[in-house]
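Coordinates as given in input.tsv (TSV, C-alpha atoms):
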```tsv
chain	number	residue	atom	x	y	z
A	25	VAL	CA	175.15	13.12	-0.02
A	26	PHE	CA	178.06	15.57	-0.14
A	27	ALA	CA	180.56	12.86	0.74
A	28	TRP	CA	179.20	10.68	-2.06
A	29	MET	CA	179.32	13.62	-4.49
A	30	ILE	CA	182.92	14.50	-3.63
A	31	PHE	CA	184.58	11.21	-2.77
A	32	GLY	CA	182.30	8.42	-3.99
A	33	GLY	CA	180.92	7.40	-7.32
A	34	ASP	CA	182.78	6.81	-10.54
A	35	TRP	CA	182.78	10.47	-11.51
A	36	SER	CA	185.06	11.79	-14.20
A	37	THR	CA	187.38	14.67	-13.31
A	38	GLU	CA	185.05	17.14	-15.05
A	39	GLU	CA	181.97	15.75	-13.29
A	40	ARG	CA	183.68	15.97	-9.90
A	41	LYS	CA	184.58	19.63	-10.50
A	42	ARG	CA	180.96	20.38	-11.37
A	43	LEU	CA	179.72	18.58	-8.27
A	44	LEU	CA	182.08	20.66	-6.11
A	45	VAL	CA	180.52	23.81	-7.59
A	46	ILE	CA	177.08	22.40	-6.74
A	47	VAL	CA	178.18	21.95	-3.12
A	48	VAL	CA	179.30	25.59	-3.00
A	49	LEU	CA	176.01	26.77	-4.51
A	50	PHE	CA	174.04	24.60	-2.09
A	51	LEU	CA	175.74	26.17	0.92
A	52	GLY	CA	175.37	29.66	-0.54
A	53	SER	CA	171.69	29.06	-1.21
A	54	ALA	CA	171.05	27.75	2.30
A	55	MET	CA	172.72	30.78	3.89
A	56	PHE	CA	170.86	33.21	1.63
A	57	TRP	CA	167.46	31.76	2.49
A	58	ALA	CA	168.39	31.69	6.17
A	59	ALA	CA	168.88	35.45	5.88
A	60	TYR	CA	166.00	36.14	3.52
A	61	GLU	CA	163.39	34.28	5.56
A	62	GLN	CA	163.88	36.64	8.47
A	63	ALA	CA	161.05	38.47	6.69
A	64	GLY	CA	158.47	36.20	8.28
A	65	SER	CA	160.07	36.09	11.72
A	66	SER	CA	162.44	38.69	13.16
A	67	PHE	CA	161.47	41.38	10.64
A	68	ASN	CA	157.81	40.82	11.34
A	69	VAL	CA	158.37	41.11	15.09
A	70	PHE	CA	160.33	44.31	14.51
A	71	ALA	CA	157.47	45.61	12.35
A	72	LYS	CA	155.00	44.83	15.12
A	73	ASN	CA	156.96	46.26	18.04
A	74	ASN	CA	159.22	48.97	16.62
A	75	THR	CA	157.65	50.26	13.40
A	76	ASP	CA	155.16	53.09	12.99
A	77	LYS	CA	152.17	51.50	11.26
A	78	VAL	CA	150.04	54.59	10.62
A	79	LEU	CA	149.85	56.03	7.11
A	80	LEU	CA	147.72	59.10	6.37
A	81	GLY	CA	145.78	58.44	9.54
A	82	PHE	CA	145.16	54.80	8.61
A	83	SER	CA	146.55	52.09	10.87
A	84	PHE	CA	147.66	48.89	9.13
A	85	PRO	CA	148.85	45.52	10.54
A	86	ALA	CA	152.55	44.69	10.62
A	87	SER	CA	152.05	41.70	8.34
A	88	TRP	CA	151.12	43.98	5.44
A	89	LEU	CA	154.74	45.04	5.11
A	90	GLN	CA	155.64	41.51	4.01
A	91	SER	CA	153.69	42.11	0.81
A	92	MET	CA	156.49	44.43	-0.31
A	93	ASN	CA	158.53	41.41	-1.38
A	94	ALA	CA	155.87	40.23	-3.82
A	95	ALA	CA	155.33	43.79	-5.06
A	96	PHE	CA	159.03	44.28	-5.78
A	97	ILE	CA	159.26	40.93	-7.59
A	98	ILE	CA	156.34	41.91	-9.84
A	99	CYS	CA	157.98	45.28	-10.52
A	100	PHE	CA	161.52	44.09	-11.24
A	101	ALA	CA	161.37	40.47	-12.48
A	102	ALA	CA	160.87	41.50	-16.11
A	103	ALA	CA	163.70	44.05	-15.86
A	104	PHE	CA	166.08	41.38	-14.55
A	105	ALA	CA	165.06	38.96	-17.30
A	106	TRP	CA	165.73	41.66	-19.90
A	107	MET	CA	169.10	42.46	-18.28
A	108	TRP	CA	170.29	38.85	-18.45
A	109	ILE	CA	169.24	38.57	-22.09
A	110	LYS	CA	170.93	41.86	-22.91
A	111	LEU	CA	174.16	40.87	-21.19
A	112	GLY	CA	174.23	37.45	-22.83
A	113	ASN	CA	177.64	35.84	-22.37
A	114	ARG	CA	178.87	38.91	-20.46
A	115	GLN	CA	176.62	38.27	-17.48
A	116	PRO	CA	178.27	37.05	-14.25
A	117	GLY	CA	178.47	33.33	-13.58
A	118	SER	CA	176.23	31.48	-11.15
A	119	VAL	CA	178.66	31.66	-8.23
A	120	ALA	CA	179.15	35.40	-8.80
A	121	LYS	CA	175.37	35.92	-8.84
A	122	PHE	CA	175.08	34.05	-5.53
A	123	SER	CA	177.81	36.26	-4.06
A	124	ILE	CA	176.04	39.41	-5.26
A	125	ALA	CA	172.79	38.12	-3.72
A	126	MET	CA	174.55	37.69	-0.37
A	127	ALA	CA	175.96	41.22	-0.65
A	128	PHE	CA	172.44	42.62	-1.06
A	129	ALA	CA	171.34	40.57	1.96
A	130	THR	CA	174.21	42.13	3.94
A	131	LEU	CA	173.12	45.64	2.96
A	132	GLY	CA	169.58	44.83	4.08
A	133	PHE	CA	170.77	43.79	7.53
A	134	VAL	CA	172.93	46.91	7.82
A	135	VAL	CA	169.78	48.98	7.19
A	136	MET	CA	167.91	46.98	9.85
A	137	MET	CA	170.78	47.32	12.29
A	138	ILE	CA	170.61	51.12	11.96
A	139	ALA	CA	166.81	51.05	12.24
A	140	ALA	CA	166.99	48.98	15.44
A	141	GLN	CA	169.55	51.35	16.93
A	142	ARG	CA	167.33	54.34	16.17
A	143	ALA	CA	164.25	52.63	17.59
A	144	GLY	CA	165.91	51.57	20.83
A	145	ALA	CA	164.04	49.25	23.18
A	146	ASP	CA	160.54	50.69	22.89
A	147	GLY	CA	160.71	53.34	20.17
A	148	GLN	CA	159.33	53.21	16.65
A	149	VAL	CA	160.81	54.08	13.29
A	150	SER	CA	159.40	54.76	9.85
A	151	PRO	CA	158.25	51.71	7.83
A	152	MET	CA	160.62	52.92	5.10
A	153	TRP	CA	163.47	51.15	6.91
A	154	LEU	CA	161.76	47.80	6.39
A	155	ILE	CA	160.66	48.70	2.87
A	156	VAL	CA	164.24	49.50	1.85
A	157	THR	CA	165.41	46.24	3.44
A	158	TYR	CA	162.78	44.26	1.53
A	159	LEU	CA	163.88	46.00	-1.68
A	160	LEU	CA	167.50	45.01	-1.09
A	161	HIS	CA	166.66	41.43	-0.14
A	162	THR	CA	164.28	41.04	-3.09
A	163	THR	CA	167.03	42.28	-5.42
A	164	GLY	CA	169.27	39.60	-3.95
A	165	GLU	CA	166.55	37.02	-4.47
A	166	LEU	CA	166.28	37.98	-8.13
A	167	PHE	CA	170.01	37.38	-8.52
A	168	LEU	CA	169.87	33.96	-6.85
A	169	SER	CA	166.49	32.28	-6.99
A	170	PRO	CA	165.75	32.20	-10.76
A	171	VAL	CA	169.23	30.96	-11.64
A	172	GLY	CA	169.67	28.41	-8.85
A	173	LEU	CA	167.69	25.53	-10.30
A	174	SER	CA	168.99	26.30	-13.79
A	175	ALA	CA	172.57	26.19	-12.49
A	176	MET	CA	171.93	22.82	-10.85
A	177	THR	CA	170.56	21.48	-14.13
A	178	ASP	CA	173.52	22.79	-16.13
A	179	LEU	CA	176.18	21.57	-13.70
A	180	ALA	CA	174.77	18.16	-12.75
A	181	PRO	CA	175.97	15.04	-14.55
A	182	THR	CA	173.11	13.80	-16.69
A	183	ARG	CA	172.67	10.57	-14.71
A	184	VAL	CA	171.98	12.47	-11.46
A	185	ALA	CA	170.26	15.59	-12.84
A	186	GLY	CA	166.99	14.87	-11.02
A	187	LEU	CA	168.77	14.25	-7.73
A	188	MET	CA	170.66	17.53	-8.00
A	189	MET	CA	167.44	19.42	-8.67
A	190	GLY	CA	166.03	17.88	-5.49
A	191	LEU	CA	169.21	18.93	-3.68
A	192	TRP	CA	168.50	22.55	-4.65
A	193	PHE	CA	165.12	22.41	-2.93
A	194	LEU	CA	166.79	20.80	0.09
A	195	SER	CA	168.96	23.92	0.34
A	196	LEU	CA	165.78	26.00	0.65
A	197	SER	CA	164.54	23.69	3.39
A	198	MET	CA	167.81	23.92	5.27
A	199	GLY	CA	167.84	27.70	4.86
A	200	ASN	CA	164.37	27.98	6.35
A	201	TYR	CA	165.38	25.80	9.29
A	202	ILE	CA	168.47	27.93	9.98
A	203	ALA	CA	166.31	31.05	9.63
A	204	GLY	CA	164.04	29.80	12.38
A	205	ARG	CA	166.95	28.98	14.66
A	206	LEU	CA	168.48	32.42	14.14
A	207	ALA	CA	165.15	34.18	14.69
A	208	SER	CA	164.78	32.37	18.02
A	209	PHE	CA	167.48	34.69	19.38
A	210	TYR	CA	165.16	37.67	18.84
A	211	GLY	CA	164.21	38.86	22.30
A	212	GLY	CA	167.16	37.13	23.88
A	213	MET	CA	169.49	39.78	22.50
A	214	PRO	CA	168.94	43.37	21.32
A	215	PRO	CA	167.58	43.42	17.73
A	216	GLN	CA	170.53	45.45	16.50
A	217	GLU	CA	172.89	42.75	17.75
A	218	LEU	CA	170.96	40.05	15.91
A	219	PHE	CA	170.91	42.09	12.70
A	220	ARG	CA	174.62	42.88	13.08
A	221	THR	CA	175.37	39.17	13.48
A	222	LEU	CA	173.33	38.34	10.38
A	223	ALA	CA	175.10	41.10	8.44
A	224	ILE	CA	178.47	39.60	9.36
A	225	ILE	CA	177.35	36.07	8.42
A	226	THR	CA	176.04	37.15	5.02
A	227	LEU	CA	179.10	39.30	4.31
A	228	VAL	CA	181.47	36.44	5.14
A	229	THR	CA	179.44	34.11	2.92
A	230	ALA	CA	179.54	36.63	0.06
A	231	VAL	CA	183.33	36.93	0.35
A	232	LEU	CA	183.85	33.15	0.56
A	233	LEU	CA	181.72	32.56	-2.51
```
I need this file expressed as structure tokens, please.
Amino acid sequence: VFAWMIFGGDWSTEERKRLLVIVVLFLGSAMFWAAYEQAGSSFNVFAKNNTDKVLLGFSFPASWLQSMNAAFIICFAAAFAWMWIKLGNRQPGSVAKFSIAMAFATLGFVVMMIAAQRAGADGQVSPMWLIVTYLLHTTGELFLSPVGLSAMTDLAPTRVAGLMMGLWFLSLSMGNYIAGRLASFYGGMPPQELFRTLAIITLVTAVLL
């Protein structure tokens, strides 16, 4: 598909430039979701094994921490929508928003890297480490997810608009697949090494975008 978008077809010069931007956004989206979807895999294992899950004498399951993502979206989605409207034409472009999203993902993994170092092999840390990470990753999601499909629609040549929208969802699928492959290293290497690797990957992606 990428080869056809870049080299094939009877695209005009302007259309080809737009398709190249779509390729960049596709790769950025896939890498973001590969990082973000650690929430259901490596983060959840860390919550189970290395996070104190007792609050005010009440013990709660590790999976409850994943609800923080939905809670933060409910809290901040309206604020982000207001911010974009307020900024109007001064708001960053789609590629810049993707880069900012990756930067927030990097910060989240830095937090998790520190948490894993403090926990060690068998220790436990406060759930606030994961909560802060979810806050950072959700902020990144709010920069990327709502604008991704809109950017595809705006950039795509009219004759392939539907195909490009489908390509956006393919980036989510690819991101989830990569997320699973990365999470498979959990247990095979110290958690802090995995989180450090993910921090480097997301930082490099943010810079390249």
Legend entry - Distance query 12 Å from (168.1, 37.6, -9.6) using all atoms listed in the file, result as JSON, numbers by chain: {"A": [96, 97, 100, 101, 102, 103, 104, 105, 106, 107, 108, 115, 116, 117, 118, 120, 121, 122, 123, 124, 125, 126, 128, 160, 161, 162, 163, 164, 165, 166, 167, 168, 169, 170, 171, 172]}
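You will find atom CA of Met92 of chain A at 17.7 Å from atom CA of Asn74 of chain A.
Checking A:Thr75, A:Phe209, A:Arg40, A:Asn200 one by one against Phe26 of chain A, counting only C-alpha atoms, you find the shortest gap at A:Arg40.
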Legend entry - Nearest to Arg183 of chain A, chosen from A:Tyr210, A:Val25, A:Met137, A:Gly33, with only C-alpha atoms counted in the distances: A:Gly33
I'd like the contact shell of Ala207 of chain A - 12 Å cut-off, all atoms listed in the file, skipping same-chain residues fewer than 2 positions apart - returned as a JSON list (two decimals) with C-alpha atoms, in the frame of the given file.
```
[["chain", "number", "residue", "atom", "x", "y", "z"],
["A", 58, "ALA", "CA", 168.39, 31.69, 6.17],
["A", 59, "ALA", "CA", 168.88, 35.45, 5.88],
["A", 60, "TYR", "CA", 166.00, 36.14, 3.52],
["A", 61, "GLU", "CA", 163.39, 34.28, 5.56],
["A", 62, "GLN", "CA", 163.88, 36.64, 8.47],
["A", 63, "ALA", "CA", 161.05, 38.47, 6.69],
["A", 64, "GLY", "CA", 158.47, 36.20, 8.28],
["A", 65, "SER", "CA", 160.07, 36.09, 11.72],
["A", 66, "SER", "CA", 162.44, 38.69, 13.16],
["A", 67, "PHE", "CA", 161.47, 41.38, 10.64],
["A", 68, "ASN", "CA", 157.81, 40.82, 11.34],
["A", 69, "VAL", "CA", 158.37, 41.11, 15.09],
["A", 70, "PHE", "CA", 160.33, 44.31, 14.51],
["A", 200, "ASN", "CA", 164.37, 27.98, 6.35],
["A", 201, "TYR", "CA", 165.38, 25.80, 9.29],
["A", 202, "ILE", "CA", 168.47, 27.93, 9.98],
["A", 203, "ALA", "CA", 166.31, 31.05, 9.63],
["A", 204, "GLY", "CA", 164.04, 29.80, 12.38],
["A", 205, "ARG", "CA", 166.95, 28.98, 14.66],
["A", 209, "PHE", "CA", 167.48, 34.69, 19.38],
["A", 210, "TYR", "CA", 165.16, 37.67, 18.84],
["A", 211, "GLY", "CA", 164.21, 38.86, 22.30],
["A", 212, "GLY", "CA", 167.16, 37.13, 23.88],
["A", 213, "MET", "CA", 169.49, 39.78, 22.50],
["A", 214, "PRO", "CA", 168.94, 43.37, 21.32],
["A", 215, "PRO", "CA", 167.58, 43.42, 17.73],
["A", 217, "GLU", "CA", 172.89, 42.75, 17.75],
["A", 218, "LEU", "CA", 170.96, 40.05, 15.91],
["A", 219, "PHE", "CA", 170.91, 42.09, 12.70],
["A", 221, "THR", "CA", 175.37, 39.17, 13.48],
["A", 222, "LEU", "CA", 173.33, 38.34, 10.38]]
```
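Of the listed residues A:Cys99, A:Ala223, A:Leu111, A:Ala180, the one whose atoms come nearest to Ile46 of chain A is A:Ala180, with distances taken using only C-alpha atoms.
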Legend entry - Residues within 10 Å of Val78 of chain A, only C-alpha atoms, excluding chain neighbours under 6 positions, as a ChimeraX atom specification: /A:84-85,150-151
Inset, instruction - Please provide as an NGL selection string all residues within 12 Å of Asp178 of chain A, with the sequence filter that same-chain residues fewer than 4 positions apart are discarded (counting all atoms listed in the file). - result: :A and (39 or 42-43 or 45-46 or 117-118 or 171-174 or 182 or 184-186 or 188-189)
Inset, instruction - Identify, on the basis of only C-alpha atoms, every residue whose closest approach to Leu187 of chain A does not exceed 10 Å; exclude the query and any residue fewer than 6 positions from it along the same chain; express the result as number ranges by chain. - result: A: 176-177, 180-181
Using C-alpha atoms, can you write the selected residues to a file as a short mmCIF file (atom, residue, chain, number, x, y, z; two decimals), keeping the file's coordinate frame?
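The new file selection-v3.cif reads:
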```cif
data_model
loop_
_atom_site.label_atom_id
_atom_site.label_comp_id
_atom_site.auth_asym_id
_atom_site.auth_seq_id
_atom_site.Cartn_x
_atom_site.Cartn_y
_atom_site.Cartn_z
CA MET A 176 171.93 22.82 -10.85
CA THR A 177 170.56 21.48 -14.13
CA ALA A 180 174.77 18.16 -12.75
CA PRO A 181 175.97 15.04 -14.55
#
```
Legend entry - Proximity to Gly190 of chain A - best of A:Lys77, A:Ala139, A:Leu89, A:Phe50, only C-alpha atoms: A:Phe50
Inset, instruction - Take atom CA of Leu51 of chain A and atom CA of Gln90 of chain A and report the distance between them in Å, one decimal. - result: 25.5 Å
